[in-house]
$ cat structure.txt   # compact mmCIF, C-alpha atoms
# COMPACT_ATOMS: atom_id res chain seq x y z
CA MET B 1391 -41.20 25.67 -8.00
CA MET B 1392 -39.34 22.47 -8.81
CA SER B 1393 -41.28 19.22 -8.78
CA ASP B 1394 -40.23 16.15 -6.76
CA THR B 1395 -39.07 14.36 -9.88
CA GLY B 1396 -36.94 17.37 -10.74
CA LYS B 1397 -35.43 17.44 -7.26
CA ILE B 1398 -34.62 13.73 -7.37
CA LYS B 1399 -33.07 14.16 -10.80
CA LYS B 1400 -31.02 17.13 -9.63
CA ARG B 1401 -29.73 15.24 -6.59
CA SER B 1402 -28.93 12.21 -8.71
CA GLU B 1403 -26.95 14.52 -10.98
CA ILE B 1404 -24.99 15.82 -7.98
CA ILE B 1405 -24.11 12.23 -7.07
CA GLU B 1406 -23.13 11.53 -10.68
CA ILE B 1407 -20.85 14.59 -10.71
CA ILE B 1408 -19.18 13.47 -7.47
CA GLY B 1409 -18.78 10.03 -9.04
CA ILE B 1410 -17.12 11.47 -12.14
CA CYS B 1411 -14.80 13.56 -9.95
CA ILE B 1412 -13.73 10.50 -7.96
CA ILE B 1413 -13.05 8.61 -11.21
CA ILE B 1414 -10.90 11.46 -12.57
CA THR B 1415 -9.00 11.64 -9.27
CA ALA B 1416 -8.52 7.88 -9.41
CA LEU B 1417 -7.05 8.12 -12.92
CA ILE B 1418 -4.54 10.72 -11.72
CA SER B 1419 -3.79 8.57 -8.68
CA ALA B 1420 -3.28 5.55 -10.95
CA TYR B 1421 -0.57 7.47 -12.78
CA GLY B 1422 0.85 8.40 -9.38
CA ILE B 1423 0.99 4.73 -8.40
CA TYR B 1424 2.79 3.95 -11.65
CA TYR B 1425 5.26 6.78 -10.96
CA ILE B 1426 5.89 5.56 -7.41
CA SER B 1427 6.35 1.96 -8.57
CA ASN B 1428 8.66 2.98 -11.39
CA GLU B 1429 10.83 5.18 -9.15
CA TYR B 1430 10.99 2.46 -6.51
CA ALA B 1431 11.99 -0.08 -9.14
CA LYS B 1432 14.75 2.21 -10.45
CA VAL B 1433 16.09 2.90 -6.96
CA THR B 1434 16.07 -0.81 -6.14
CA GLU B 1435 17.79 -1.57 -9.42
CA THR B 1436 20.53 0.96 -8.61
CA GLN B 1437 20.95 -0.35 -5.09
CA MET B 1438 21.22 -3.93 -6.25
CA ASN B 1439 23.53 -3.35 -9.21
CA ILE B 1440 25.95 -0.67 -8.04
CA GLY B 1441 29.29 -2.20 -7.18
CA ALA B 1442 32.66 -1.18 -5.76
CA TYR B 1443 35.79 -3.27 -5.94
CA VAL B 1444 39.55 -3.09 -6.09
CA PRO B 1445 40.53 -4.64 -9.44
CA TYR B 1446 43.06 -7.40 -9.30
CA GLY B 1447 46.24 -6.32 -11.06
CA ASP B 1448 49.72 -5.01 -10.51
CA ASP B 1449 48.73 -1.39 -10.15
CA SER B 1450 45.66 -1.77 -7.95
CA VAL B 1451 47.50 -1.65 -4.65
CA SER B 1452 51.09 -0.51 -4.69
CA VAL B 1453 53.53 0.89 -2.19
CA THR B 1454 55.81 3.73 -3.12
CA TYR B 1455 58.77 4.55 -0.88
CA LEU B 1456 59.79 8.16 -0.71
CA ASP B 1457 62.01 10.14 1.62
CA ASN B 1458 60.61 9.99 5.16
CA HIS B 1459 57.30 8.59 4.09
CA SER B 1460 55.61 5.84 2.10
CA ILE B 1461 52.47 5.97 0.07
CA VAL B 1462 50.10 3.08 -0.47
CA ASN B 1463 48.15 3.75 -3.63
CA VAL B 1464 44.76 2.06 -3.80
CA ASN B 1465 42.61 2.13 -6.89
CA ILE B 1466 38.93 1.54 -6.29
CA ALA B 1467 36.52 0.99 -9.15
CA VAL B 1468 32.88 1.90 -8.75
CA SER B 1469 30.47 0.54 -11.32
CA ASN B 1470 27.07 2.03 -12.03
CA ILE B 1471 26.67 0.31 -15.37
CA GLU B 1472 23.44 -1.61 -14.88
CA SER B 1473 21.45 1.29 -13.55
CA ARG B 1474 19.17 4.04 -14.80
CA LEU B 1475 19.97 6.60 -12.09
CA ASP B 1476 23.03 8.76 -11.53
CA VAL B 1477 24.80 8.44 -8.21
CA ASP B 1478 27.07 10.74 -6.26
CA ILE B 1479 29.97 8.85 -4.70
CA TYR B 1480 30.54 11.30 -1.91
CA LEU B 1481 32.74 9.26 0.41
CA ILE B 1482 35.05 6.25 0.25
CA GLU B 1483 36.66 4.77 3.29
CA TYR B 1484 38.79 1.70 3.81
CA SER B 1485 41.02 -0.05 6.31
CA ILE B 1486 44.26 -1.67 5.26
CA TYR B 1487 45.87 -4.79 6.74
CA ILE B 1488 49.26 -6.12 5.83
CA SER B 1489 51.07 -9.37 6.55
CA ASP B 1490 53.73 -11.78 5.35
CA GLU B 1491 51.09 -14.45 4.96
CA PRO B 1492 47.92 -14.27 2.87
CA ILE B 1493 45.23 -12.62 5.02
CA VAL B 1494 41.92 -14.41 5.18
CA ARG B 1495 40.08 -12.10 7.54
CA PRO B 1496 40.84 -8.72 9.09
CA ASP B 1497 43.00 -9.03 12.15
CA TYR B 1498 44.08 -6.26 14.49
CA ASN B 1499 47.68 -7.56 14.45
CA ASP B 1500 47.80 -6.91 10.70
CA TYR B 1501 46.12 -3.52 10.80
CA ILE B 1502 48.18 -0.58 9.63
CA GLY B 1503 45.70 2.20 9.04
CA MET B 1504 42.52 3.55 7.57
CA ILE B 1505 41.46 6.51 5.49
CA THR B 1506 38.24 8.34 4.91
CA SER B 1507 38.33 10.37 1.79
CA SER B 1508 36.03 12.31 -0.41
CA ALA B 1509 35.92 10.78 -3.83
CA SER B 1510 37.63 12.72 -6.56
CA GLY B 1511 35.85 16.02 -6.29
CA ASN B 1512 32.44 14.52 -5.48
CA ASP B 1513 32.00 13.32 -9.02
CA ILE B 1514 28.59 12.33 -10.21
CA LEU B 1515 28.74 8.83 -11.55
CA GLU B 1516 26.31 8.75 -14.42
CA ALA B 1517 24.00 5.84 -15.10
CA GLY B 1518 25.57 3.21 -17.31
CA THR B 1519 29.13 4.21 -16.46
CA GLY B 1520 31.92 3.30 -14.09
CA GLN B 1521 34.85 5.18 -12.63
CA MET B 1522 38.18 4.47 -10.98
CA TYR B 1523 39.06 6.36 -7.81
CA ASN B 1524 42.66 6.58 -6.63
CA ILE B 1525 42.76 7.05 -2.88
CA PRO B 1526 46.28 6.92 -1.44
CA ILE B 1527 47.15 6.56 2.20
CA THR B 1528 50.40 8.10 3.41
CA PHE B 1529 52.58 6.77 6.19
CA ASP B 1530 55.09 9.23 7.59
CA SER B 1531 58.29 7.92 9.09
CA ASP B 1532 57.05 8.80 12.58
CA ASN B 1533 53.90 6.74 12.08
CA GLU B 1534 53.69 3.74 14.36
CA TYR B 1535 52.87 1.47 11.38
CA TYR B 1536 55.56 2.84 9.07
CA SER B 1537 58.21 0.31 10.06
CA LYS B 1538 55.71 -2.55 9.81
CA LEU B 1539 54.75 -1.53 6.31
CA THR B 1540 58.35 -1.22 5.28
CA ASP B 1541 59.38 -4.54 6.82
CA VAL B 1542 56.58 -6.48 5.19
CA THR B 1543 56.55 -4.95 1.74
CA GLU B 1544 60.20 -4.09 1.17
CA ASP B 1545 61.05 -7.30 -0.64
CA GLY B 1546 57.72 -7.37 -2.51
CA SER B 1547 56.48 -10.49 -0.80
CA GLY B 1548 53.89 -8.93 1.51
CA TYR B 1549 50.18 -9.50 1.37
CA VAL B 1550 47.52 -6.87 1.76
CA LEU B 1551 43.86 -6.96 2.71
CA ILE B 1552 41.62 -3.97 2.11
CA GLN B 1553 38.17 -3.72 3.57
CA GLY B 1554 36.20 -0.62 2.72
CA ARG B 1555 32.92 1.01 2.00
CA ALA B 1556 31.82 3.46 -0.71
CA HIS B 1557 29.03 5.81 0.28
CA TYR B 1558 26.73 7.09 -2.42
CA LYS B 1559 23.68 9.23 -2.87
CA ILE B 1560 21.15 8.44 -5.58
CA MET B 1561 20.50 11.54 -7.64
CA GLY B 1562 16.96 12.54 -8.51
CA SER B 1563 13.80 12.82 -6.52
CA SER B 1564 14.65 10.25 -3.88
CA GLY B 1565 18.04 11.48 -2.67
CA LEU B 1566 18.48 8.10 -1.00
CA GLN B 1567 21.86 7.54 0.67
CA ASP B 1568 23.39 4.12 0.95
CA SER B 1569 26.75 2.40 0.87
CA ILE B 1570 28.43 -0.65 -0.58
CA MET B 1571 31.27 -2.70 0.81
CA PHE B 1572 34.33 -3.93 -0.99
CA TYR B 1573 37.17 -6.31 -0.17
CA TYR B 1574 40.54 -6.97 -1.71
CA GLY B 1575 43.23 -9.42 -0.78
CA ASP B 1576 46.40 -10.07 -2.77
CA LYS B 1577 50.11 -9.51 -2.94
CA VAL B 1578 51.19 -5.92 -2.75
CA SER B 1579 53.43 -4.54 -5.46
CA VAL B 1580 56.24 -2.13 -4.81
CA ASN B 1581 56.99 0.87 -6.97
CA ALA B 1582 60.37 2.49 -7.09
CA GLY B 1583 60.35 5.84 -5.40
CA MET A 899 -42.00 -8.24 -18.98
CA GLN A 900 -40.31 -5.30 -20.67
CA ASP A 901 -40.39 -3.39 -17.38
CA ASP A 902 -38.59 -6.26 -15.63
CA VAL A 903 -35.89 -6.24 -18.29
CA ASN A 904 -35.48 -2.47 -17.96
CA THR A 905 -35.33 -2.68 -14.16
CA GLY A 906 -32.72 -5.44 -14.39
CA ALA A 907 -30.61 -3.43 -16.81
CA MET A 908 -30.79 -0.36 -14.56
CA ASP A 909 -29.87 -2.50 -11.57
CA ASN A 910 -26.84 -3.89 -13.40
CA LYS A 911 -25.83 -0.40 -14.49
CA ARG A 912 -26.13 0.80 -10.91
CA LYS A 913 -24.01 -2.12 -9.68
CA LEU A 914 -21.39 -1.41 -12.31
CA LYS A 915 -21.24 2.23 -11.25
CA LEU A 916 -20.90 1.18 -7.63
CA LEU A 917 -18.06 -1.15 -8.56
CA ILE A 918 -16.24 1.55 -10.55
CA TRP A 919 -16.63 4.09 -7.74
CA SER A 920 -15.38 1.61 -5.15
CA ILE A 921 -12.32 0.69 -7.22
CA SER A 922 -11.65 4.39 -7.89
CA ALA A 923 -11.71 5.14 -4.17
CA GLY A 924 -9.36 2.20 -3.65
CA VAL A 925 -6.93 3.56 -6.26
CA ILE A 926 -6.84 6.95 -4.53
CA VAL A 927 -6.18 5.36 -1.15
CA ALA A 928 -3.51 3.09 -2.69
CA PHE A 929 -1.68 6.11 -4.10
CA PHE A 930 -1.41 7.77 -0.72
CA PHE A 931 -0.45 4.56 1.06
CA GLY A 932 2.10 3.60 -1.60
CA GLY A 933 3.53 7.11 -1.57
CA ASN A 934 3.90 6.96 2.20
CA PHE A 935 5.40 3.48 2.32
CA LEU A 936 7.88 4.20 -0.47
CA LYS A 937 8.68 7.82 0.28
CA PHE A 938 12.33 6.90 0.89
CA ALA A 939 12.57 5.97 -2.79
CA THR A 940 10.25 8.49 -4.40
CA GLY A 941 10.96 11.61 -2.40
CA LEU A 942 7.25 12.30 -1.85
CA SER A 943 6.83 14.03 1.48
CA LEU A 944 3.63 12.39 2.68
CA SER A 945 3.11 12.41 6.41
CA GLY A 946 1.81 9.52 8.48
CA GLU A 947 -1.58 11.17 9.01
CA ILE A 948 -2.39 10.51 5.37
CA LEU A 949 -2.78 6.82 6.26
CA PHE A 950 -5.81 7.76 8.31
CA ILE A 951 -7.15 10.72 6.32
CA SER A 952 -7.20 9.13 2.85
CA PRO A 953 -9.46 6.12 3.67
CA LEU A 954 -11.59 8.37 5.86
CA PHE A 955 -12.19 10.90 3.10
CA CYS A 956 -12.58 8.36 0.29
CA GLY A 957 -14.93 6.25 2.41
CA PHE A 958 -17.01 9.32 3.20
CA ILE A 959 -17.30 10.22 -0.49
CA LEU A 960 -18.17 6.60 -1.26
CA GLY A 961 -20.89 6.78 1.37
CA ILE A 962 -22.36 9.86 -0.29
CA LEU A 963 -22.22 8.10 -3.65
CA THR A 964 -24.16 5.14 -2.22
CA THR A 965 -26.87 7.35 -0.75
CA MET A 966 -29.45 5.99 -3.17
CA ASP A 967 -28.47 2.39 -2.43
CA GLU A 968 -29.09 0.05 0.45
CA LEU A 969 -26.82 -0.11 3.48
CA HIS A 970 -25.37 -3.47 2.50
CA HIS A 971 -24.31 -1.92 -0.81
CA SER A 972 -22.28 0.64 1.12
CA VAL A 973 -20.60 -2.10 3.15
CA PHE A 974 -19.91 -4.01 -0.06
CA ALA A 975 -18.43 -0.83 -1.60
CA SER A 976 -16.07 -0.35 1.35
CA ILE A 977 -14.93 -3.98 1.07
CA ILE A 978 -14.25 -3.57 -2.66
CA MET A 979 -12.39 -0.34 -1.92
CA THR A 980 -10.18 -2.11 0.65
CA ILE A 981 -9.46 -5.03 -1.68
CA SER A 982 -8.53 -2.80 -4.62
CA ALA A 983 -6.39 -0.53 -2.42
CA VAL A 984 -4.49 -3.42 -0.83
CA SER A 985 -3.97 -5.06 -4.24
CA LEU A 986 -2.46 -1.91 -5.71
CA ILE A 987 -0.30 -1.29 -2.64
CA SER A 988 1.01 -4.85 -2.98
CA LEU A 989 1.77 -4.24 -6.65
CA SER A 990 3.68 -1.08 -5.74
CA LEU A 991 5.70 -2.88 -3.10
CA PHE A 992 6.50 -5.73 -5.47
CA SER A 993 7.21 -3.40 -8.40
CA PRO A 994 10.98 -4.19 -8.61
CA LEU A 995 10.08 -7.85 -9.13
CA LEU A 996 7.26 -6.99 -11.54
CA PHE A 997 9.47 -4.66 -13.58
CA GLY A 998 12.11 -7.37 -13.62
CA VAL A 999 14.88 -5.15 -12.32
CA ALA A 1000 15.61 -7.08 -9.16
CA GLY A 1001 16.52 -10.71 -8.94
CA ASP A 1002 16.29 -12.45 -5.63
CA PHE A 1003 15.34 -10.41 -2.65
CA ILE A 1004 16.47 -11.23 0.83
CA GLY A 1005 13.95 -12.38 3.43
CA LEU A 1006 14.03 -9.01 5.15
CA TYR A 1007 12.46 -7.45 2.07
CA TYR A 1008 9.45 -9.76 2.32
CA VAL A 1009 9.11 -8.82 5.98
CA PHE A 1010 8.97 -5.17 4.91
CA VAL A 1011 6.31 -5.95 2.28
CA ILE A 1012 4.14 -8.11 4.54
CA GLN A 1013 4.40 -5.58 7.36
CA ASN A 1014 3.20 -2.76 5.13
CA ILE A 1015 0.38 -4.80 3.60
CA SER A 1016 -0.81 -5.73 7.10
CA ILE A 1017 -0.74 -2.08 8.13
CA ALA A 1018 -2.77 -1.22 5.02
CA ILE A 1019 -5.45 -3.85 5.69
CA VAL A 1020 -5.76 -3.01 9.37
CA THR A 1021 -5.95 0.72 8.69
CA ILE A 1022 -8.06 0.92 5.55
CA PHE A 1023 -10.96 -1.42 6.17
CA PRO A 1024 -12.30 -0.21 9.55
CA VAL A 1025 -11.82 3.46 8.70
CA ALA A 1026 -13.38 3.03 5.26
CA LEU A 1027 -16.34 1.06 6.61
CA VAL A 1028 -17.17 3.56 9.33
CA SER A 1029 -16.67 6.59 7.10
CA THR A 1030 -18.77 5.02 4.32
CA ILE A 1031 -21.68 4.52 6.69
CA ILE A 1032 -21.26 8.05 8.06
CA GLY A 1033 -21.12 9.39 4.51
CA LYS A 1034 -24.27 7.50 3.61
CA VAL A 1035 -26.14 8.85 6.62
CA VAL A 1036 -24.96 12.39 5.94
CA GLY A 1037 -25.86 12.01 2.26
CA GLU A 1038 -29.34 10.81 3.14
CA TYR A 1039 -29.93 13.81 5.38
CA ALA A 1040 -28.37 16.30 3.00
CA LEU A 1041 -29.64 15.01 -0.31
CA LEU A 1042 -32.74 12.96 0.34
CA SER A 1043 -34.50 14.60 3.30
CA HIS A 1044 -37.30 16.21 1.24
CA ILE A 1045 -37.79 13.11 -0.85
CA PHE A 1046 -38.07 10.94 2.24
CA LYS A 1047 -40.54 13.33 3.84
CA ARG A 1048 -42.68 13.36 0.73
CA GLU A 1049 -42.58 9.57 0.41
CA ARG A 1050 -43.47 9.18 4.08
CA ALA A 1051 -46.45 11.55 3.70
CA VAL A 1052 -47.66 9.67 0.64
CA LEU A 1053 -47.33 6.35 2.46
CA ARG A 1054 -49.18 7.71 5.48
CA SER A 1055 -52.07 9.04 3.37
CA ASP A 1056 -52.26 5.74 1.44
CA THR A 1057 -52.37 3.77 4.67
CA LEU A 1058 -55.14 5.98 6.05
CA LYS A 1059 -57.10 5.53 2.82
CA TRP A 1060 -56.75 1.78 3.13
CA TYR A 1061 -58.00 1.84 6.72
CA GLN A 1062 -61.00 3.95 5.68
CA MET A 1063 -61.77 1.58 2.82
CA LEU A 1064 -61.54 -1.43 5.16
CA GLU A 1065 -63.89 0.19 7.67
CA GLU A 1066 -66.35 1.03 4.92
CA ALA A 1067 -66.15 -2.52 3.62
CA ALA A 1068 -66.82 -3.87 7.14
CA ASP A 1069 -69.83 -1.57 7.52
CA ASP A 1070 -71.18 -2.68 4.16
CA GLU A 1071 -70.74 -6.31 5.19
CA ASP A 1072 -72.83 -5.69 8.35
CA GLU A 1073 -75.52 -4.07 6.27
CA LEU A 1074 -75.63 -6.99 3.87
CA LYS A 1075 -76.25 -9.59 6.62
CA PRO A 1076 -79.68 -11.32 6.29
CA ILE A 1077 -82.33 -10.68 8.95
CA GLY A 1078 -82.21 -13.21 11.78
CA TRP A 1079 -78.68 -14.30 10.92
CA GLU A 1080 -76.59 -15.22 13.93
CA ALA A 1081 -73.00 -16.10 14.18
CA PRO A 1082 -72.39 -19.84 14.79
CA VAL A 1083 -71.84 -20.72 18.46
CA VAL A 1084 -68.45 -22.17 19.17
CA PRO A 1085 -68.52 -24.66 22.06
CA SER A 1086 -66.33 -23.43 24.84
CA GLU A 1087 -64.19 -25.80 26.84
CA ALA A 1088 -64.76 -23.77 29.96
CA GLN A 1089 -68.33 -24.94 30.13
CA GLY A 1090 -67.27 -28.54 29.48
CA GLN A 1091 -69.84 -28.92 26.72
CA VAL A 1092 -67.93 -30.88 24.16
CA PRO A 1093 -70.10 -32.24 21.37
CA GLU A 1094 -70.18 -36.00 20.98
CA ALA A 1095 -68.84 -35.78 17.48
CA ASP A 1096 -65.73 -33.94 18.72
CA LYS A 1097 -64.94 -36.47 21.45
CA PRO A 1098 -61.98 -38.74 20.62
CA ALA A 1099 -62.95 -42.29 19.78
CA VAL A 1100 -61.58 -44.81 22.31
CA LYS A 1101 -60.87 -48.23 20.93
CA GLU A 1102 -61.46 -51.33 23.02
CA GLU A 1103 -58.21 -52.90 21.92
CA ASP A 1104 -56.29 -50.01 23.53
CA GLY A 1105 -57.69 -50.90 26.92
CA GLN A 1106 -56.71 -54.54 26.55
CA GLU A 1107 -53.20 -53.68 25.78
$ encode --input "structure.txt" --output "C-alpha cells"
Amino acid sequence: MMSDTGKIKKRSEIIEIIGICIIITALISAYGIYYISNEYAKVTETQMNIGAYVPYGDDSVSVTYLDNHSIVNVNIAVSNIESRLDVDIYLIEYSIYISDEPIVRPDYNDYIGMITSSASGNDILEAGTGQMYNIPITFDSDNEYYSKLTDVTEDGSGYVLIQGRAHYKIMGSSGLQDSIMFYYGDKVSVNAG
Amino acid sequence: MQDDVNTGAMDNKRKLKLLIWSISAGVIVAFFFGGNFLKFATGLSLSGEILFISPLFCGFILGILTTMDELHHSVFASIIMTISAVSLISLSLFSPLLFGVAGDFIGLYYVFVIQNISIAIVTIFPVALVSTIIGKVVGEYALLSHIFKRERAVLRSDTLKWYQMLEEAADDEDELKPIGWEAPVVPSEAQGQVPEADKPAVKEEDGQE
C-alpha cells in the first residue's frame, strides 16, 4: 500500500516526465523552425536574385532572311548566379514588336508575333550559374507580319522591342513556380541568309 | 529562517520550470504555424486544421503541467506560450531579412507578415487559454483527486477538533465563574434609561449662537 507522500511523489514524477517530453519536442520543433526559416530565406533569395534579360549586342536579336521565310533569332540570358537553389527554366515566352522608330512601349501597330517555347530541353539551371537560351521565331512568307518584318528590317535600320517572361520552378522541397519578366529594345541586326 | 530560504528557492525553481514549459509549448506551436504559413516555400504539407489543433494540444499539456500550481499560474503560462510562439513566428516570417539574403521588400510583403502575425495572435491565445484551464481541471481530477480527498478529510477532522476544544474551553470558563457573579447590565435604549454620565453635555454658548 503506497503512502500519500509516495502517491504525491509519483504524480509529481509523471508531471516531470511530461515536462521533459515537451522540452524535447520543443527542441526538435526549434530545429524545424530553423529549417523552415532557412528554406524560406533561400527561396526568397532565389526569387529576388534570378534574372532574365536579352543582352545588348549585335547577335542578341538578329533577322535572317531565307527562301520563303525569315527567322528572328533571340538570345535570352537567364542568371541564377546569386542563389543557392537550382531552378528549372521550363518555359520562355515573348512578344516581338518592330518599327522604324525606337519603340518606347509595346504598341499593337508594331506587333509582329509571339512565341511560347520550352527552354532548351528543360535544362536545370544550377545555383551560381547562368545560361543563354536561343529561341527563334519564324515568319513564313504567307504570314501576315512577314512583309512588315521585311520592310522594316531589310536595310538594317529597324528597331525591335521584346517583352517576355521566363517561367521557372525552384528545385528542392518547395517546388515553387514563379516567373520573371524581361525587356529589350534596340536596333535589329540583319544576317545574310 | 532556513525554511523560508528553502521555500523561496523551491518557488523560484518552480517558476523557472513553468517558464521553460511555457516557452517550450510556444516553440512547438510556432513550428506548426510557421510551417503552415510558409508551406509554399518549404514544401511541408501542413493543413489548416493544425492552426487550431497545435495550440489546443499544447495548451492542454501545459494545463496538466500546471496542475500543482494556482490558476493564475496557468493563465500566465498560456500568455507566455502565446508571446513566445508569436515571437518565433515573426522571426520565421522575417527570416530573409534576418539572414541578410533579401534587400528591400515591397509593401505587400509586410502586409503578408502582419496578416499572418495577426492570425497567429487571434488563434493562439484564446485556444491556448481555454485548453490550459481545461488541462488543469482534467489534471486535478486525474492526478490529484486522492490527495485532495485526503487533505479535505484532514481539514474536516482538524476543524471538528477545534470546535470541540472551543466548546470544552467555554464549558471550563462557565465552571470557573465565581459564585454570585452576574454579567454587567447594559442599558437598553428601548427602555429610555440612559445614564446621566452617557448623556451628551450641552453647552450654554451653543444655545446663544
$ interface_residues --input "structure.txt" --of "chain A" --to "chain B" --cutoff "9 Å" --atoms "all atoms listed in the file" --output "ChimeraX atom specification"
/A:915,918-919,921-930,932-933,936-942,956,959-960,962-966,986-987,989-1001,1041-1042,1044-1045,1048
$ residues_around --input "structure.txt" --residues "range 1486-1492 of chain B" --least-positions-apart "3" --cutoff "9 Å" --atoms "only C-alpha atoms" --output "list in words"
Pro1496, Asp1497, Tyr1498, Asn1499, Asp1500, Tyr1501, Ile1502, Gly1503, Met1504, Ile1505, Lys1538, Leu1539, Val1542, Thr1543, Ser1547, Gly1548, Tyr1549, Val1550, Leu1551, Ile1552, Gln1553, Gly1554, Gly1575, Asp1576, Lys1577 and Val1578 of chain B
$ closest_residue --input "structure.txt" --among "A:Ala983, A:Glu1071, A:Arg1054, A:Gly946" --to "Ala1026 in chain A" --atoms "all atoms listed in the file"
A:Ala983
$ atom_distance --input "structure.txt" --atom1 "CA of Phe955 in chain A" --atom2 "CA of Lys913 in chain A"
21.7 Å
$ residues_around --input "structure.txt" --residues "range 1011-1022 of chain A" --least-positions-apart "5" --cutoff "7 Å" --atoms "all atoms listed in the file" --output "list in words"
Pro953, Thr980, Val984, Ser988 and Leu991 of chain A
$ atom_distance --input "structure.txt" --atom1 "CA of Asn934 in chain A" --atom2 "CA of Glu947 in chain A"
9.7 Å
$ atom_distance --input "structure.txt" --atom1 "CA of Val1444 in chain B" --atom2 "CA of Tyr1007 in chain A"
28.6 Å
$ residues_near_point --input "structure.txt" --point "(44.0, 2.4, -11.8)" --cutoff "9 Å" --atoms "only C-alpha atoms" --output "ChimeraX atom specification"
/B:1445,1449-1451,1464-1467,1522-1524
$ write_last_selection --input "structure.txt" --atoms "C-alpha atoms" --output "mmCIF file, keeping the file's coordinate frame"
data_model
loop_
_atom_site.group_PDB
_atom_site.id
_atom_site.type_symbol
_atom_site.label_atom_id
_atom_site.label_comp_id
_atom_site.auth_asym_id
_atom_site.auth_seq_id
_atom_site.Cartn_x
_atom_site.Cartn_y
_atom_site.Cartn_z
ATOM 1 C CA PRO B 1445 40.530 -4.640 -9.440
ATOM 2 C CA ASP B 1449 48.730 -1.390 -10.150
ATOM 3 C CA SER B 1450 45.660 -1.770 -7.950
ATOM 4 C CA VAL B 1451 47.500 -1.650 -4.650
ATOM 5 C CA VAL B 1464 44.760 2.060 -3.800
ATOM 6 C CA ASN B 1465 42.610 2.130 -6.890
ATOM 7 C CA ILE B 1466 38.930 1.540 -6.290
ATOM 8 C CA ALA B 1467 36.520 0.990 -9.150
ATOM 9 C CA MET B 1522 38.180 4.470 -10.980
ATOM 10 C CA TYR B 1523 39.060 6.360 -7.810
ATOM 11 C CA ASN B 1524 42.660 6.580 -6.630
#
